[in-house]
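Encoded as structure tokens, the structure appears first; notes follow it.
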Amino acid sequence: MFKLIKLVVYMSAMALAAAGIYIGWNFVYPNVAALKKSNPEKTAFMEYREEEWRKAGRKTKIRTKWVPLDRISPFLRKAVIISEDDKFWGHGGFDIEGIQKALEKDLKTKKFKAGGSTISQQLAKNLYLSPEKSVTRKLKEAILTYRIEKTLSKKRILEIYLNVIEWGDGIFGAEAAARAWFGKPASALTAEEAARLVVILPNPRKLNPLRQEGYVKRRADTIYDIMVRRGIVIEEEE
């Protein structure tokens, strides 16, 4: 019995040590500070998609073009925040209320989806992680989100996010999305077009921003109405 207790204690200590090393490593690597001045060339999410295409025998190529934040329509910047993370400018990387609601929903459905992700969390996932849903990945995502928020300004976080997020099959970033869906640069997007683009972010490979009926139109109309109420859009000018 004594040997068994010693073994259990030893195994527990080893597990704690391994967990400590794992957590500590994620506080050091990757080098988030490099993002202050350098733009990411390819994200983990892009590489994940390329591997999917390779396995499926597809020759799809990533379409992306980096543009600075001031060359992205202010309507798109506002619409993304309204749709994805309305508390973006005020939180430290995590929307506690949103996480609580998502966990309550998970408990009811008995499925681990862990929604309620902020723009900072989505950026951490896209830059460094895979789309798998697991407790380990969420832990790593939380550490990376914390580091991103502590290291980068909110404007830089939003700039990177808008340039790397998936906006269709092989389409990454606002500039590529604007040109692919509306045939114009991201700087020229109207409020209505911006609202339609952000609607497809939760499922960019299945939703189409050009649809004139159903979920896309209803959700886009809601986002557009919010922009009007907040004075972001003056309908006469639109």
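Note on naming: chains are A, B, ... as they come in the structure tokens, residues start from 1 per chain, ligands start from 1 in the order shown.
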How close does each residue of region 70-167 of chain A get to region 37-48 of chain A, giving the shortest atom pair and distance in Å to one decimal for every residue with an atom at most 9 Å away, counting only C-alpha atoms, sorted by chain and residue number, as a tab-separated table?
```
residue	atom	partner	partner_atom	distance
A:Lys125	CA	A:Phe45	CA	7.7
A:Asn126	CA	A:Phe45	CA	5.0
A:Leu127	CA	A:Thr43	CA	4.6
A:Tyr128	CA	A:Ala44	CA	5.0
A:Leu129	CA	A:Ala44	CA	5.7
A:Ser130	CA	A:Phe45	CA	6.0
A:Pro131	CA	A:Phe45	CA	7.5
A:Ile160	CA	A:Asn39	CA	7.4
A:Val164	CA	A:Thr43	CA	7.3
A:Ile165	CA	A:Phe45	CA	8.8
A:Glu166	CA	A:Met46	CA	8.4
```
(Q) I need the residues in region 14-230 of chain A that are alpha helix (DSSP H) according to DSSP; give them as an MDAnalysis selection string. (A) chainID A and resid 14:26 44:55 74:84 96:109 119:128 135:151 154:164 174:182 191:199 214:229
**Q.** Residue nearest Trp89 (chain A) among A:Glu149, A:Glu50, A:Glu141, A:Glu132 (counting only C-alpha atoms)
**A.**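 Among A:Glu149, A:Glu50, A:Glu141, A:Glu132, it is A:Glu149 that comes nearest to Trp89 (chain A).
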Need the shell around Ser120 (chain A): protein/DNA/RNA residues with any atom at most 9 Å away, counting only C-alpha atoms. Skip same-chain ones fewer than 2 positions apart. Format as a compact mmCIF listing (two decimals) with N, CA and C atoms, in the first residue's frame?
```txt
# COMPACT_ATOMS: atom_id res chain seq x y z
N PHE A 88 -14.81 45.10 -27.50
CA PHE A 88 -13.39 44.99 -27.87
C PHE A 88 -12.51 46.07 -27.26
N GLY A 92 -9.91 43.21 -21.58
CA GLY A 92 -8.50 42.86 -21.60
C GLY A 92 -8.21 41.59 -22.36
N GLY A 93 -9.09 41.24 -23.27
CA GLY A 93 -8.88 40.04 -24.09
C GLY A 93 -9.98 39.02 -23.94
N PHE A 94 -10.76 39.13 -22.84
CA PHE A 94 -11.79 38.13 -22.58
C PHE A 94 -13.11 38.81 -22.21
N SER A 117 -15.91 33.87 -27.94
CA SER A 117 -14.53 34.32 -28.21
C SER A 117 -14.48 35.78 -28.63
N THR A 118 -13.52 36.50 -28.10
CA THR A 118 -13.28 37.89 -28.48
C THR A 118 -12.42 37.93 -29.75
N GLN A 122 -9.79 35.11 -31.09
CA GLN A 122 -9.84 34.61 -32.46
C GLN A 122 -8.50 34.83 -33.17
N LEU A 123 -7.88 35.96 -32.88
CA LEU A 123 -6.58 36.22 -33.49
C LEU A 123 -5.53 35.22 -33.00
N ALA A 124 -5.52 34.95 -31.70
CA ALA A 124 -4.58 33.98 -31.14
C ALA A 124 -4.77 32.62 -31.81
N LYS A 125 -6.02 32.22 -31.98
CA LYS A 125 -6.32 30.93 -32.61
C LYS A 125 -5.85 30.90 -34.05
N THR A 145 -3.79 34.78 -25.82
CA THR A 145 -4.64 35.97 -25.84
C THR A 145 -4.15 36.98 -24.82
N TYR A 146 -3.84 36.50 -23.63
CA TYR A 146 -3.31 37.37 -22.58
C TYR A 146 -2.03 38.06 -23.05
N ILE A 148 -1.00 38.58 -26.17
CA ILE A 148 -1.30 39.50 -27.27
C ILE A 148 -1.84 40.82 -26.73
N GLU A 149 -2.75 40.74 -25.79
CA GLU A 149 -3.34 41.95 -25.20
C GLU A 149 -2.31 42.78 -24.44
N LYS A 154 -4.57 47.89 -29.17
CA LYS A 154 -5.86 47.44 -29.70
C LYS A 154 -5.93 47.67 -31.22
N ILE A 157 -3.96 44.96 -32.91
CA ILE A 157 -4.70 43.69 -32.85
C ILE A 157 -5.77 43.66 -33.93
N LEU A 158 -6.53 44.76 -34.04
CA LEU A 158 -7.59 44.82 -35.04
C LEU A 158 -7.02 44.78 -36.46
N TYR A 161 -5.92 41.19 -37.19
CA TYR A 161 -7.12 40.36 -37.29
C TYR A 161 -7.79 40.53 -38.66
```
Q: Identify which of the residues A:Arg229, A:Arg156, A:Lys78, A:Lys138 lies closest to Ala194 (chain A), counting only C-alpha atoms when measuring atom-to-atom distances.
A: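 Closest residue, counting only C-alpha atoms: A:Lys78.
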**Q.** Coordinates-based distance that separates CA of Arg205 (chain A) from CA of Gly168 (chain A) (Å, one decimal)
**A.** 4.7 Å
**Q.** Point-to-point distance in Å for CA of Val198 (chain A) and CA of Ala186 (chain A)
**A.**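 CA of Val198 (chain A) lies 12.7 Å from CA of Ala186 (chain A).
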Q: Using only C-alpha atoms, determine which residues lie at most 9 Å from Met227 (chain A), disregarding the query and same-chain residues fewer than 4 positions distant; provide the list as an MDAnalysis selection string.
A: chainID A and resid 75 78:79 82 191 222:223 231:234
Q: Enter the distance from CA of Phe182 (chain A) to CA of Asp86 (chain A), in Å, rounded to one decimal.
A: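 A separation of 25.3 Å between them.
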Q | All residues 9 Å or closer to Leu69 (chain A), only C-alpha atoms, same chain fewer than 4 positions away omitted, as a ChimeraX atom specification | A | /A:73-74,77,155-156,158-160,162-163
Please save N, CA and C atoms of the selected residues as an mmCIF file, in the first residue's frame.
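Result file follows (result_13.cif):
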```
data_model
loop_
_atom_site.group_PDB
_atom_site.id
_atom_site.type_symbol
_atom_site.label_atom_id
_atom_site.label_comp_id
_atom_site.auth_asym_id
_atom_site.auth_seq_id
_atom_site.Cartn_x
_atom_site.Cartn_y
_atom_site.Cartn_z
ATOM 1 N N SER A 73 -12.010 49.967 -44.997
ATOM 2 C CA SER A 73 -13.195 50.796 -44.775
ATOM 3 C C SER A 73 -13.549 50.910 -43.295
ATOM 4 N N PRO A 74 -13.788 52.126 -42.807
ATOM 5 C CA PRO A 74 -14.199 52.287 -41.406
ATOM 6 C C PRO A 74 -15.510 51.554 -41.116
ATOM 7 N N ARG A 77 -14.468 48.030 -40.263
ATOM 8 C CA ARG A 77 -13.877 47.999 -38.922
ATOM 9 C C ARG A 77 -14.960 48.034 -37.854
ATOM 10 N N LYS A 155 -5.396 48.799 -31.681
ATOM 11 C CA LYS A 155 -5.420 49.087 -33.118
ATOM 12 C C LYS A 155 -4.596 48.062 -33.889
ATOM 13 N N ARG A 156 -3.462 47.663 -33.333
ATOM 14 C CA ARG A 156 -2.623 46.675 -34.008
ATOM 15 C C ARG A 156 -3.308 45.302 -34.014
ATOM 16 N N LEU A 158 -6.526 44.756 -34.045
ATOM 17 C CA LEU A 158 -7.591 44.823 -35.044
ATOM 18 C C LEU A 158 -7.017 44.781 -36.459
ATOM 19 N N GLU A 159 -5.898 45.466 -36.674
ATOM 20 C CA GLU A 159 -5.264 45.478 -37.997
ATOM 21 C C GLU A 159 -4.840 44.076 -38.419
ATOM 22 N N ILE A 160 -4.181 43.360 -37.528
ATOM 23 C CA ILE A 160 -3.741 42.000 -37.860
ATOM 24 C C ILE A 160 -4.943 41.097 -38.081
ATOM 25 N N LEU A 162 -7.994 41.774 -39.075
ATOM 26 C CA LEU A 162 -8.684 42.037 -40.338
ATOM 27 C C LEU A 162 -7.878 41.565 -41.547
ATOM 28 N N ASN A 163 -6.585 41.386 -41.364
ATOM 29 C CA ASN A 163 -5.741 40.952 -42.481
ATOM 30 C C ASN A 163 -5.526 39.443 -42.547
#
```
Q.
What's around Arg49 (chain A) at 10 Å? Count only C-alpha atoms, leave out sequence neighbours fewer than 4 positions away in its own chain, and write the answer as a ChimeraX atom specification.
A. /A:44-45,53-55,60-62,130,169-170
